[in-house]
Structure formats: structure tokens, C-alpha cells
file my_file38.tsv (TSV, C-alpha atoms)
chain	number	residue	atom	x	y	z
A	1	MET	CA	7.13	137.72	133.64
A	2	PRO	CA	4.63	140.45	134.49
A	3	ALA	CA	3.30	142.23	131.42
A	4	THR	CA	4.13	145.68	132.78
A	5	ARG	CA	6.26	147.03	135.60
A	6	ALA	CA	5.64	150.62	136.69
A	7	LEU	CA	9.16	151.61	137.70
A	8	PRO	CA	9.96	155.05	139.14
A	9	THR	CA	13.17	155.85	137.20
A	10	GLU	CA	15.17	154.88	134.13
A	11	GLU	CA	17.85	153.60	136.51
A	12	ALA	CA	15.29	151.19	137.94
A	13	VAL	CA	14.40	150.00	134.45
A	14	ASP	CA	18.09	149.35	133.81
A	15	LEU	CA	18.36	147.40	137.08
A	16	ILE	CA	15.48	145.12	136.10
A	17	GLN	CA	17.08	144.51	132.70
A	18	LEU	CA	20.43	143.76	134.36
A	19	THR	CA	18.73	141.34	136.74
A	20	ARG	CA	16.95	139.53	133.93
A	21	THR	CA	20.21	139.23	131.98
A	22	LEU	CA	22.09	137.83	134.98
A	23	ALA	CA	19.23	135.49	135.83
A	24	ALA	CA	19.12	134.10	132.28
A	25	ARG	CA	22.91	133.82	131.94
A	26	GLU	CA	24.10	132.89	135.45
A	27	LEU	CA	21.13	131.33	137.24
A	28	ALA	CA	18.81	129.54	134.83
A	29	PRO	CA	21.45	127.10	133.47
A	30	ARG	CA	22.41	125.99	137.01
A	31	VAL	CA	19.26	125.96	139.08
A	32	ALA	CA	17.96	122.45	138.34
A	33	ASP	CA	21.26	120.67	139.04
A	34	ALA	CA	22.09	122.77	142.09
A	35	GLU	CA	18.70	122.17	143.67
A	36	ALA	CA	18.85	118.45	142.88
A	37	ASP	CA	22.32	118.18	144.43
A	38	GLY	CA	21.75	120.59	147.32
A	39	ALA	CA	24.73	122.64	146.17
A	40	PHE	CA	25.10	126.11	147.70
A	41	PRO	CA	25.97	128.66	144.97
A	42	ARG	CA	28.35	130.92	146.91
A	43	ASP	CA	29.89	132.32	143.73
A	44	VAL	CA	26.48	133.58	142.56
A	45	PHE	CA	26.29	135.96	145.52
A	46	ARG	CA	29.71	137.39	144.68
A	47	THR	CA	28.52	137.96	141.12
A	48	LEU	CA	25.34	139.64	142.33
A	49	GLY	CA	27.30	141.73	144.81
A	50	ARG	CA	29.82	142.91	142.22
A	51	SER	CA	26.90	143.79	139.95
A	52	GLY	CA	25.46	145.98	142.70
A	53	LEU	CA	22.38	143.84	143.35
A	54	LEU	CA	23.11	142.90	146.99
A	55	GLY	CA	23.23	146.45	148.27
A	56	LEU	CA	20.28	147.99	146.45
A	57	PRO	CA	18.29	149.41	149.40
A	58	PHE	CA	21.33	150.70	151.32
A	59	ALA	CA	23.02	154.10	151.28
A	60	GLU	CA	25.48	154.84	148.48
A	61	GLU	CA	28.14	156.18	150.83
A	62	HIS	CA	28.59	152.68	152.26
A	63	GLY	CA	28.59	150.79	148.97
A	64	GLY	CA	24.85	150.47	148.45
A	65	ALA	CA	22.80	151.69	145.51
A	66	GLY	CA	20.41	153.98	147.37
A	67	GLN	CA	17.38	152.41	145.69
A	68	PRO	CA	13.87	152.54	147.18
A	69	TYR	CA	12.39	149.32	148.51
A	70	GLU	CA	9.85	149.49	145.72
A	71	VAL	CA	12.67	148.82	143.26
A	72	TYR	CA	14.63	146.41	145.45
A	73	LEU	CA	11.62	144.11	145.88
A	74	GLN	CA	11.05	143.92	142.14
A	75	VAL	CA	14.68	142.91	141.60
A	76	VAL	CA	14.28	140.18	144.24
A	77	GLU	CA	11.10	139.04	142.51
A	78	GLU	CA	12.88	138.76	139.15
A	79	VAL	CA	15.55	136.53	140.71
A	80	ALA	CA	12.94	134.41	142.52
A	81	ALA	CA	11.11	133.68	139.29
A	82	VAL	CA	14.26	131.86	138.14
A	83	TRP	CA	15.92	130.61	141.36
A	84	ALA	CA	14.06	130.98	144.67
A	85	SER	CA	16.99	129.83	146.84
A	86	VAL	CA	19.15	132.67	145.56
A	87	ALA	CA	16.34	135.19	146.01
A	88	VAL	CA	15.86	134.04	149.61
A	89	GLY	CA	19.61	134.49	150.04
A	90	ILE	CA	19.44	138.08	148.79
A	91	SER	CA	16.64	138.82	151.25
A	92	VAL	CA	18.44	137.17	154.16
A	93	HIS	CA	21.68	138.97	153.35
A	94	ALA	CA	19.81	142.30	153.38
A	95	LEU	CA	18.21	141.26	156.67
A	96	SER	CA	21.63	140.54	158.17
A	97	CYS	CA	23.00	143.90	156.99
A	98	PHE	CA	20.01	145.97	158.13
A	99	PRO	CA	20.87	146.21	161.86
A	100	LEU	CA	24.33	147.59	161.10
A	101	ALA	CA	23.03	149.96	158.42
A	102	ARG	CA	20.19	151.27	160.57
A	103	PHE	CA	21.49	151.10	164.14
A	104	GLY	CA	25.29	150.98	163.81
A	105	THR	CA	27.60	153.92	164.38
A	106	GLU	CA	29.11	155.76	161.44
A	107	GLU	CA	32.46	154.18	162.29
A	108	GLN	CA	30.95	150.67	162.30
A	109	ARG	CA	29.14	151.24	159.01
A	110	GLY	CA	32.23	152.59	157.32
A	111	LYS	CA	34.33	149.68	158.58
A	112	TRP	CA	32.12	146.72	157.64
A	113	LEU	CA	29.28	147.65	155.31
A	114	PRO	CA	31.19	148.14	152.03
A	115	GLU	CA	32.45	144.54	151.92
A	116	MET	CA	29.09	143.23	153.11
A	117	LEU	CA	27.15	145.06	150.43
A	118	GLY	CA	29.72	144.31	147.73
A	119	GLY	CA	29.22	140.56	148.01
A	120	GLU	CA	32.67	139.76	149.36
A	121	LEU	CA	31.12	138.97	152.75
A	122	LEU	CA	27.90	136.95	152.89
A	123	GLY	CA	25.66	137.37	155.93
A	124	ALA	CA	23.35	135.26	158.08
A	125	TYR	CA	20.75	136.33	160.61
A	126	CYS	CA	20.58	134.49	163.93
A	127	LEU	CA	17.37	135.08	165.86
A	128	SER	CA	15.40	131.83	166.18
A	129	GLU	CA	16.26	129.13	168.69
A	130	PRO	CA	14.99	125.54	168.95
A	131	HIS	CA	12.41	126.57	171.58
A	132	ALA	CA	12.04	130.25	170.61
A	133	GLY	CA	10.91	130.74	167.04
A	134	SER	CA	7.74	132.79	167.02
A	135	ASP	CA	8.58	134.26	170.45
A	136	PRO	CA	12.07	135.79	170.16
A	137	ALA	CA	11.82	137.32	173.63
A	138	ALA	CA	12.04	133.76	175.02
A	139	MET	CA	15.58	133.23	173.67
A	140	LEU	CA	18.20	131.70	175.95
A	141	THR	CA	21.44	132.51	174.11
A	142	ARG	CA	23.47	134.70	176.48
A	143	ALA	CA	26.07	137.40	176.03
A	144	VAL	CA	28.03	138.33	179.15
A	145	ARG	CA	30.36	141.31	179.16
A	146	THR	CA	33.86	140.73	180.49
A	147	GLY	CA	36.05	143.81	180.11
A	148	ASP	CA	36.19	144.87	176.47
A	149	GLU	CA	34.48	141.73	175.19
A	150	TYR	CA	31.18	139.88	175.28
A	151	VAL	CA	31.21	136.11	175.71
A	152	LEU	CA	28.36	134.42	173.80
A	153	ASN	CA	26.90	130.99	174.56
A	154	GLY	CA	23.88	129.31	172.99
A	155	ALA	CA	22.46	127.86	169.79
A	156	LYS	CA	20.64	129.53	166.91
A	157	ALA	CA	18.33	127.35	164.81
A	158	TRP	CA	17.16	127.61	161.19
A	159	THR	CA	20.01	129.87	160.15
A	160	THR	CA	19.98	130.52	156.41
A	161	HIS	CA	23.56	130.47	155.04
A	162	GLY	CA	24.67	128.62	158.18
A	163	GLY	CA	28.14	127.24	157.48
A	164	TYR	CA	28.63	129.44	154.41
A	165	ALA	CA	28.22	132.93	155.85
A	166	ASP	CA	31.19	135.17	156.55
A	167	PHE	CA	29.41	136.96	159.38
A	168	TYR	CA	26.43	136.30	161.62
A	169	THR	CA	24.12	138.98	162.98
A	170	VAL	CA	23.31	137.42	166.35
A	171	MET	CA	20.66	138.33	168.89
A	172	ALA	CA	21.63	137.32	172.42
A	173	ARG	CA	20.34	137.96	175.91
A	174	THR	CA	22.35	140.43	178.01
A	175	SER	CA	19.84	140.58	180.88
A	176	ASP	CA	16.68	138.82	182.06
A	177	ASP	CA	14.46	141.77	181.13
A	178	ARG	CA	12.05	140.24	178.57
A	179	ALA	CA	11.52	143.44	176.58
A	180	HIS	CA	14.91	145.13	176.98
A	181	GLY	CA	17.26	142.25	177.71
A	182	ILE	CA	18.37	141.33	174.19
A	183	SER	CA	21.31	142.83	172.30
A	184	CYS	CA	22.61	142.58	168.74
A	185	PHE	CA	26.14	141.49	167.79
A	186	LEU	CA	28.06	141.23	164.52
A	187	VAL	CA	30.00	137.96	164.86
A	188	PRO	CA	32.64	136.92	162.29
A	189	ALA	CA	32.32	133.35	161.05
A	190	ASP	CA	35.89	132.52	162.01
A	191	ALA	CA	35.42	133.49	165.68
A	192	PRO	CA	36.81	130.70	167.92
A	193	GLY	CA	33.98	128.72	169.47
A	194	LEU	CA	31.52	129.30	166.62
A	195	SER	CA	30.50	126.06	164.91
A	196	VAL	CA	27.73	124.96	162.57
A	197	ASP	CA	25.79	121.70	162.55
A	198	PRO	CA	25.24	119.76	159.30
A	199	PRO	CA	22.55	121.45	157.20
A	200	GLU	CA	18.90	120.54	157.63
A	201	ARG	CA	17.45	118.06	155.12
A	202	LYS	CA	14.61	120.15	153.75
A	203	MET	CA	11.59	119.60	151.54
A	204	GLY	CA	12.56	122.49	149.26
A	205	LEU	CA	15.03	125.35	148.82
A	206	THR	CA	17.73	122.70	148.88
A	207	GLY	CA	20.20	125.09	147.24
A	208	SER	CA	19.93	127.30	150.32
A	209	ALA	CA	21.83	125.99	153.33
A	210	THR	CA	19.91	126.05	156.63
A	211	ALA	CA	21.67	124.96	159.82
A	212	THR	CA	21.98	125.41	163.57
A	213	VAL	CA	24.79	127.74	164.64
A	214	ARG	CA	26.43	127.00	168.00
A	215	LEU	CA	28.21	129.57	170.15
A	216	ASP	CA	30.54	128.13	172.79
A	217	ASP	CA	32.39	130.88	174.69
A	218	VAL	CA	32.58	132.99	171.54
A	219	ARG	CA	34.38	136.22	172.38
A	220	VAL	CA	33.18	139.33	170.56
A	221	PRO	CA	34.82	142.75	170.99
A	222	VAL	CA	32.56	145.46	172.41
A	223	GLU	CA	32.90	147.34	169.11
A	224	ARG	CA	30.81	144.58	167.50
A	225	LEU	CA	27.76	145.41	169.62
A	226	ILE	CA	25.24	146.95	167.20
A	227	GLY	CA	23.07	149.65	168.74
A	228	GLU	CA	22.83	149.91	172.49
A	229	GLU	CA	22.82	147.05	174.97
A	230	GLY	CA	19.22	145.94	175.45
A	231	GLN	CA	18.08	147.35	172.10
A	232	GLY	CA	18.20	143.99	170.32
A	233	LEU	CA	14.49	143.14	170.35
A	234	LYS	CA	13.65	146.52	168.81
A	235	ILE	CA	16.34	145.92	166.17
A	236	ALA	CA	15.07	142.39	165.50
A	237	LEU	CA	11.46	143.49	165.03
A	238	ALA	CA	12.45	146.34	162.72
A	239	SER	CA	14.59	143.94	160.74
A	240	LEU	CA	11.74	141.46	160.41
A	241	ASP	CA	9.43	144.11	158.96
A	242	CYS	CA	11.93	144.54	156.13
A	243	GLY	CA	12.59	140.81	155.88
A	244	ARG	CA	8.90	140.08	155.48
A	245	LEU	CA	8.75	142.37	152.48
A	246	GLY	CA	11.72	140.48	151.02
A	247	ILE	CA	9.98	137.13	151.45
A	248	ALA	CA	6.78	138.56	149.98
A	249	ALA	CA	8.80	139.47	146.89
A	250	VAL	CA	10.38	136.00	146.76
A	251	ALA	CA	6.96	134.36	147.00
A	252	THR	CA	5.57	136.63	144.29
A	253	GLY	CA	8.46	135.80	141.98
A	254	LEU	CA	8.06	132.10	142.66
A	255	GLY	CA	4.36	132.35	141.83
A	256	GLN	CA	5.19	134.25	138.65
A	257	GLY	CA	7.68	131.56	137.60
A	258	ALA	CA	5.09	128.84	138.18
A	259	LEU	CA	2.45	130.80	136.26
A	260	ASP	CA	4.80	131.42	133.33
A	261	HIS	CA	5.65	127.73	133.09
A	262	ALA	CA	2.01	126.67	133.35
A	263	VAL	CA	0.95	129.09	130.61
A	264	ARG	CA	3.72	127.90	128.27
A	265	TYR	CA	2.70	124.30	128.82
A	266	ALA	CA	-1.00	125.08	128.35
A	267	ARG	CA	-0.29	126.76	125.01
A	268	GLU	CA	1.65	123.74	123.75
A	269	ARG	CA	-0.35	120.81	125.17
A	270	GLU	CA	-3.37	119.83	123.08
A	271	THR	CA	-6.47	117.83	123.94
A	272	PHE	CA	-9.60	117.38	121.86
A	273	GLY	CA	-7.94	119.16	118.96
A	274	LYS	CA	-6.92	122.43	120.62
A	275	PRO	CA	-4.43	123.80	123.18
A	276	ILE	CA	-5.64	123.19	126.72
A	277	ILE	CA	-5.45	126.93	127.46
A	278	GLU	CA	-8.49	127.27	125.20
A	279	HIS	CA	-10.58	124.99	127.42
A	280	GLN	CA	-12.53	127.20	129.78
A	281	GLY	CA	-12.05	125.03	132.85
A	282	LEU	CA	-8.26	125.20	132.53
A	283	ALA	CA	-8.24	128.82	131.33
A	284	PHE	CA	-10.08	129.93	134.48
A	285	VAL	CA	-7.50	128.16	136.67
A	286	LEU	CA	-4.77	130.11	134.90
A	287	ALA	CA	-6.75	133.33	135.25
A	288	ASP	CA	-7.02	132.81	139.01
A	289	MET	CA	-3.28	132.11	139.17
A	290	GLY	CA	-2.60	135.37	137.32
A	291	ALA	CA	-4.93	137.35	139.59
A	292	ALA	CA	-3.32	135.88	142.71
A	293	THR	CA	0.19	136.74	141.51
A	294	GLU	CA	-0.76	140.30	140.61
A	295	SER	CA	-2.51	140.71	143.97
A	296	ALA	CA	0.61	139.56	145.79
A	297	ARG	CA	2.78	141.96	143.81
A	298	ALA	CA	0.47	144.93	144.43
A	299	THR	CA	0.27	144.21	148.16
A	300	ALA	CA	4.04	143.96	148.56
A	301	LEU	CA	4.69	147.13	146.57
A	302	ALA	CA	2.04	149.06	148.51
A	303	ALA	CA	3.85	148.20	151.75
A	304	ALA	CA	7.21	149.07	150.20
A	305	ARG	CA	5.97	152.51	149.18
A	306	LEU	CA	4.93	153.20	152.77
A	307	LYS	CA	8.42	152.26	153.92
A	308	ASP	CA	9.99	154.45	151.24
A	309	ALA	CA	7.82	157.36	152.39
A	310	GLY	CA	9.04	156.95	155.96
A	311	LEU	CA	5.60	155.87	157.19
A	312	PRO	CA	4.74	152.95	159.52
A	313	PHE	CA	4.47	149.70	157.60
A	314	THR	CA	4.56	146.85	160.15
A	315	ARG	CA	0.95	145.82	159.55
A	316	GLU	CA	1.30	146.18	155.80
A	317	ALA	CA	4.49	144.09	155.79
A	318	SER	CA	2.63	141.31	157.59
A	319	ILE	CA	-0.27	141.59	155.14
A	320	ALA	CA	2.15	141.40	152.20
A	321	LYS	CA	3.94	138.38	153.63
A	322	LEU	CA	0.65	136.62	154.39
A	323	VAL	CA	-1.00	137.33	151.03
A	324	ALA	CA	2.06	136.65	148.88
A	325	THR	CA	3.06	133.38	150.52
A	326	ASP	CA	-0.47	131.96	150.73
A	327	ASN	CA	-0.98	132.92	147.09
A	328	ALA	CA	2.34	131.34	146.10
A	329	MET	CA	1.28	128.07	147.72
A	330	LYS	CA	-2.00	128.14	145.79
A	331	VAL	CA	-0.44	129.17	142.48
A	332	THR	CA	2.32	126.56	142.57
A	333	THR	CA	-0.16	123.84	143.54
A	334	ASP	CA	-2.37	124.84	140.62
A	335	ALA	CA	0.65	124.83	138.30
A	336	VAL	CA	1.19	121.18	139.16
A	337	GLN	CA	-2.49	120.56	138.37
A	338	VAL	CA	-2.21	122.29	135.00
A	339	LEU	CA	0.61	119.97	133.98
A	340	GLY	CA	-1.28	116.93	135.23
A	341	GLY	CA	0.86	113.83	135.69
A	342	TYR	CA	3.91	115.62	134.29
A	343	GLY	CA	3.58	118.22	137.02
A	344	TYR	CA	4.12	115.53	139.63
A	345	THR	CA	7.43	114.46	138.13
A	346	ARG	CA	10.86	116.00	138.52
A	347	ASP	CA	11.19	116.30	134.77
A	348	PHE	CA	9.34	119.61	135.09
A	349	PRO	CA	10.16	122.34	137.64
A	350	VAL	CA	6.65	123.00	138.95
A	351	GLU	CA	6.86	120.25	141.59
A	352	ARG	CA	9.97	122.04	142.92
A	353	TYR	CA	8.11	125.36	142.93
A	354	MET	CA	5.37	123.77	145.03
A	355	ARG	CA	7.87	122.38	147.55
A	356	GLU	CA	9.66	125.73	147.74
A	357	ALA	CA	6.45	127.68	148.32
A	358	LYS	CA	5.53	125.77	151.47
A	359	VAL	CA	8.32	127.11	153.67
A	360	MET	CA	7.45	130.68	152.74
A	361	GLN	CA	4.31	130.34	154.83
A	362	ILE	CA	6.57	129.43	157.76
A	363	PHE	CA	9.77	131.50	157.90
A	364	GLU	CA	10.06	135.21	158.75
A	365	GLY	CA	7.16	134.52	161.13
A	366	THR	CA	4.52	131.91	160.35
A	367	ASN	CA	1.38	133.13	158.65
A	368	GLN	CA	-0.48	132.51	161.91
A	369	ILE	CA	1.88	135.05	163.54
A	370	GLN	CA	1.18	137.47	160.68
A	371	ARG	CA	-2.53	137.18	161.40
A	372	MET	CA	-1.86	137.99	165.05
A	373	ILE	CA	0.12	141.10	164.08
A	374	ILE	CA	-2.58	142.24	161.65
A	375	SER	CA	-5.47	141.65	164.05
A	376	ARG	CA	-3.73	143.47	166.89
A	377	ALA	CA	-3.05	146.42	164.60
A	378	LEU	CA	-6.70	146.46	163.59
A	379	ASP	CA	-7.73	146.43	167.24
A	380	ARG	CA	-5.50	149.40	168.03
A	381	ASN	CA	-6.94	151.29	165.06
A	382	GLU	CA	-10.61	150.73	166.00
A	383	GLY	CA	-11.30	148.15	163.34
A	384	GLY	CA	-8.80	149.35	160.75
A	385	ALA	CA	-10.25	152.68	159.60
A	386	LEU	CA	-7.90	154.30	157.12
A	387	THR	CA	-5.53	156.85	158.62
A	388	VAL	CA	-3.88	159.57	156.53
A	389	LEU	CA	-0.30	160.14	157.60
A	390	GLY	CA	2.35	162.51	156.37
A	391	LYS	CA	6.07	162.12	156.59
A	392	GLU	CA	7.42	164.17	159.48
call {"tool": "encode", "arguments": {"input": "my_file38.tsv", "output": "C-alpha cells"}}
result
Amino acid sequence: MPATRALPTEEAVDLIQLTRTLAARELAPRVADAEADGAFPRDVFRTLGRSGLLGLPFAEEHGGAGQPYEVYLQVVEEVAAVWASVAVGISVHALSCFPLARFGTEEQRGKWLPEMLGGELLGAYCLSEPHAGSDPAAMLTRAVRTGDEYVLNGAKAWTTHGGYADFYTVMARTSDDRAHGISCFLVPADAPGLSVDPPERKMGLTGSATATVRLDDVRVPVERLIGEEGQGLKIALASLDCGRLGIAAVATGLGQGALDHAVRYARERETFGKPIIEHQGLAFVLADMGAATESARATALAAARLKDAGLPFTREASIAKLVATDNAMKVTTDAVQVLGGYGYTRDFPVERYMREAKVMQIFEGTNQIQRMIISRALDRNEGGALTVLGKE
């Protein structure tokens, strides 16, 4: 774990301690078997929800904890250091709740958010399609209004919690306008016509179910339209800014877990009469791993503080996602190297960390997409000169 966390309140300190206790008691004893078996830990999300950890960044009046993103991300990181699949699930659940919390009416929020944030209802976020991953405006899933309902048809790929979620936040096309033709819907999992394919057989994060969701004449009442018709792309992009911070925190926690394990091993393993951590060549590898993990953490928290201050943070969210996930890939790979041959076996968890890190460079927008976002922002800002902004 990080040597020091600079937390803004005593309540935040208590939340970190609660998270560490739950992670040690509820997650650590189960993670190895669950990941080996590909078992989805639905009960863990109920436990986290009832402990208040699923609704941290949402308003208290709707069942959230009203915590700043700066605190929320550090809680996610603590979970990820023990069980990355669960941490990804926390981030995805927050992503699926965000459109309702931010763009829903007060009536909609009051009706659905409390159960969603309390862990009784688990969410999934449906944006990507088989041919429209990095380009959401190219989606083909349609929603056609007929009277007081919308009828949805299409398929959503790479859906985390697919088949286990209780509701799906679905983006669907309501017109052919590329920029303003997408709308957002809150679709219950038991809606007739909604089905889920068998889960993908993945390299890592096997305890997190990922599947294609199919919508065949799924009827959704008009009251389940979130925001205005045609506002869906704006909602999706705003959601992804937050989601990228969540994945940056997951990647940082995963890197921290790999670093912690590598350091423990290096203290215990001896060669040439002394622990291998005392050999400069190995010690410098560990030092680089530590520097990369701290850099990822600082970058994610810097972006979170902008969000908490009500300032633009799209570019910084992309930077955080890029830095944290690339660093996690490097740190977990080096952790395998530190353990040598043992690191390549499934008797030690670092090979799993390495497999789990890879997808973090891919989902929530590939790191190539993050570089596009960052470079375009730099271009608009005449090379990236620092701008001082105040909250309006």
C-alpha cells in the first residue's frame, strides 16, 4: 500500500480504513479461486453497496455519500490492489449510474437511484457495438418512439456485468444525425426482448463478466429516457470522462498490488547470501515500479481535483487513463520479472496482475484514442500553455 495518503477529511480516512478491512476480510480470501473459476461475485457488490462504497461520489439525498472524486478514486484503488475485477465493477457501476444522476429529472433520480447506489441493483453501461467501439457516433442500435414507448433494436458489445446486471444504461440512435441522433435509456434487465450472449473468454479479469447484450423489440417507457432525445452522445462523453478516472484508479491499484507483492518477495528471496532487494540491479527495477505507481496516482488525483472544483477535466482524464494504464502494464510485467520463473506460474498472483493490466490499455477508450484526445486539446490550447481557471 502507499506509504502515505493525503486525505481531505477524517471521514475519508475512515472510508479508506473501512475499504481495507472489507478487502482483507471479504475479497482477499476469494479472489484467487474466483478468478481461476471465472465466478462472478455478485454478493460482493451487495456488501459494498450496503457499506456505502458503491455510491461514494453521488449526492446524499439519493443514497450516495457525497464524497469528492479525489476520495472515491482512492477507495477504488484500494479495492483494485486486492481484486481488480471488483474494482472495475465499482467503476462500471458508477459509470452506469452517472447519466441518471447527472442528466435525469428529480423524479427519475428519486425513483431509481437509491436502490442503484445501495447495491441492490447492479448496473451495466451499453455504448460499444461490434463495429463501433472507438467511434460511438457510428452506432447502429435504434430506438423508435411509438406512443408512450421506445422500441429498441440492436446489439451492444463488451458489456461489463452483461448477464448479471439488473439494469442497463443503453445508448441508442433516435435519428440519423451523427452528433445529435443518440439518446440514453435506462433499461431493466428483465425487459422482454433483452438477452445476453455467453460471456467472452478473456485473457484476464475473468471474475468480471463481459458479454454482448441483444435488444430485440425491447419496449421502454418514455419515462426511462434519460436527458433529452438526441442528448445521448453528450451524456456518453461526459460519462466516459468520469469512467476514465475510475479505470486510472483501478490501474493504479493493480500496479500497487503488483509492487507490494514484488517487494515482499524480494525481501524474502536470497541469492549470493543476501535478499535480492539488496542487489542494485533488482533494487532499481523496484524503484522504477514505485515511481511509476506514484506517478499514476498523482496524475489521477490531479484530474479528480479539477473535477471536484467544477473545472474542465476531459484532457486530464485522458492523461490519467493513459499514464496509469501504461504504467500498470509496465509495473506488472516487471513484477513477473522480479519473481523470475515463479512469476510465470499461477502459484503466484503476479502473472494474473499482468494479464489483468493489458485490457486497461484498451477499454474506456484505447490509449491510442486517449492520445488523440490529448493532442487535439493541446492543439486547441496553442501547444498546451497552462490556463488558470476559476469555478464560476
call {"tool": "closest_residue", "arguments": {"input": "my_file38.tsv", "among": "A:Ser85, A:Thr169, A:Ser239, A:Thr19", "to": "Leu54 in chain A", "atoms": "all atoms listed in the file"}}
result
A:Thr19
call {"tool": "closest_atom_pairs", "arguments": {"input": "my_file38.tsv", "of": "range 67-180 of chain A", "to": "range 327-339 of chain A", "cutoff": "12 Å", "atoms": "all atoms listed in the file", "output": "CSV"}}
result
residue,atom,partner,partner_atom,distance
A:Ala80,CA,A:Ala328,CA,11.6
A:Ala81,CA,A:Ala328,CA,11.3
A:Ala84,CA,A:Ala328,CA,11.8
call {"tool": "write_last_selection", "arguments": {"input": "my_file38.tsv", "atoms": "C-alpha atoms", "output": "compact mmCIF listing (two decimals), in the frame of the given file"}}
result
# COMPACT_ATOMS: atom_id res chain seq x y z
CA ALA A 80 12.94 134.41 142.52
CA ALA A 81 11.11 133.68 139.29
CA ALA A 84 14.06 130.98 144.67
call {"tool": "closest_atom_pairs", "arguments": {"input": "my_file38.tsv", "of": "range 97-172 of chain A", "to": "range 182-190 of chain A", "cutoff": "10 Å", "atoms": "all atoms listed in the file", "output": "CSV"}}
result
residue,atom,partner,partner_atom,distance
A:Cys97,CA,A:Leu186,CA,9.5
A:Pro99,CA,A:Cys184,CA,8.0
A:Leu100,CA,A:Leu186,CA,8.1
A:Phe103,CA,A:Cys184,CA,9.7
A:Trp112,CA,A:Leu186,CA,9.7
A:Leu121,CA,A:Pro188,CA,9.9
A:Leu122,CA,A:Ala189,CA,10.0
A:Gly123,CA,A:Ala189,CA,9.3
A:Ala124,CA,A:Ala189,CA,9.6
A:Tyr125,CA,A:Leu186,CA,9.6
A:Cys126,CA,A:Cys184,CA,9.6
A:Leu127,CA,A:Cys184,CA,9.6
A:Pro136,CA,A:Ile182,CA,9.3
A:Ala137,CA,A:Ile182,CA,7.7
A:Ala138,CA,A:Ile182,CA,9.9
A:Met139,CA,A:Ile182,CA,8.6
A:Leu140,CA,A:Ile182,CA,9.8
A:Thr141,CA,A:Ile182,CA,9.3
A:Arg142,CA,A:Ile182,CA,8.7
A:Ala143,CA,A:Ser183,CA,8.1
A:Tyr150,CA,A:Phe185,CA,9.2
A:Leu152,CA,A:Phe185,CA,9.5
A:Gly162,CA,A:Ala189,CA,9.4
A:Gly163,CA,A:Ala189,CA,8.2
A:Tyr164,CA,A:Ala189,CA,8.5
A:Ala165,CA,A:Ala189,CA,6.6
A:Asp166,CA,A:Ala189,CA,5.0
A:Phe167,CA,A:Pro188,CA,4.3
A:Tyr168,CA,A:Val187,CA,5.1
A:Thr169,CA,A:Leu186,CA,4.8
A:Val170,CA,A:Phe185,CA,5.2
A:Met171,CA,A:Cys184,CA,4.7
A:Ala172,CA,A:Ile182,CA,5.5
call {"tool": "write_last_selection", "arguments": {"input": "my_file38.tsv", "atoms": "C-alpha atoms", "output": "mmCIF file, in the frame of the given file"}}
result
data_model
loop_
_atom_site.group_PDB
_atom_site.id
_atom_site.type_symbol
_atom_site.label_atom_id
_atom_site.label_comp_id
_atom_site.auth_asym_id
_atom_site.auth_seq_id
_atom_site.Cartn_x
_atom_site.Cartn_y
_atom_site.Cartn_z
ATOM 1 C CA CYS A 97 23.000 143.900 156.990
ATOM 2 C CA PRO A 99 20.870 146.210 161.860
ATOM 3 C CA LEU A 100 24.330 147.590 161.100
ATOM 4 C CA PHE A 103 21.490 151.100 164.140
ATOM 5 C CA TRP A 112 32.120 146.720 157.640
ATOM 6 C CA LEU A 121 31.120 138.970 152.750
ATOM 7 C CA LEU A 122 27.900 136.950 152.890
ATOM 8 C CA GLY A 123 25.660 137.370 155.930
ATOM 9 C CA ALA A 124 23.350 135.260 158.080
ATOM 10 C CA TYR A 125 20.750 136.330 160.610
ATOM 11 C CA CYS A 126 20.580 134.490 163.930
ATOM 12 C CA LEU A 127 17.370 135.080 165.860
ATOM 13 C CA PRO A 136 12.070 135.790 170.160
ATOM 14 C CA ALA A 137 11.820 137.320 173.630
ATOM 15 C CA ALA A 138 12.040 133.760 175.020
ATOM 16 C CA MET A 139 15.580 133.230 173.670
ATOM 17 C CA LEU A 140 18.200 131.700 175.950
ATOM 18 C CA THR A 141 21.440 132.510 174.110
ATOM 19 C CA ARG A 142 23.470 134.700 176.480
ATOM 20 C CA ALA A 143 26.070 137.400 176.030
ATOM 21 C CA TYR A 150 31.180 139.880 175.280
ATOM 22 C CA LEU A 152 28.360 134.420 173.800
ATOM 23 C CA GLY A 162 24.670 128.620 158.180
ATOM 24 C CA GLY A 163 28.140 127.240 157.480
ATOM 25 C CA TYR A 164 28.630 129.440 154.410
ATOM 26 C CA ALA A 165 28.220 132.930 155.850
ATOM 27 C CA ASP A 166 31.190 135.170 156.550
ATOM 28 C CA PHE A 167 29.410 136.960 159.380
ATOM 29 C CA TYR A 168 26.430 136.300 161.620
ATOM 30 C CA THR A 169 24.120 138.980 162.980
ATOM 31 C CA VAL A 170 23.310 137.420 166.350
ATOM 32 C CA MET A 171 20.660 138.330 168.890
ATOM 33 C CA ALA A 172 21.630 137.320 172.420
#
call {"tool": "atom_distance", "arguments": {"input": "my_file38.tsv", "atom1": "CA of Glu223 in chain A", "atom2": "CA of Gly64 in chain A"}}
result
22.4 Å
call {"tool": "closest_atom_pairs", "arguments": {"input": "my_file38.tsv", "of": "range 179-206 of chain A", "to": "range 30-45 of chain A", "cutoff": "10 Å", "atoms": "all atoms listed in the file", "output": "CSV"}}
result
residue,atom,partner,partner_atom,distance
A:Pro199,CA,A:Gly38,CA,9.9
A:Arg201,CA,A:Gly38,CA,9.3
A:Lys202,CA,A:Gly38,CA,9.6
A:Gly204,CA,A:Glu35,CA,8.3
A:Leu205,CA,A:Glu35,CA,7.1
A:Thr206,CA,A:Gly38,CA,4.8
call {"tool": "atom_distance", "arguments": {"input": "my_file38.tsv", "atom1": "CA of Thr160 in chain A", "atom2": "CA of Arg109 in chain A"}}
result
22.8 Å
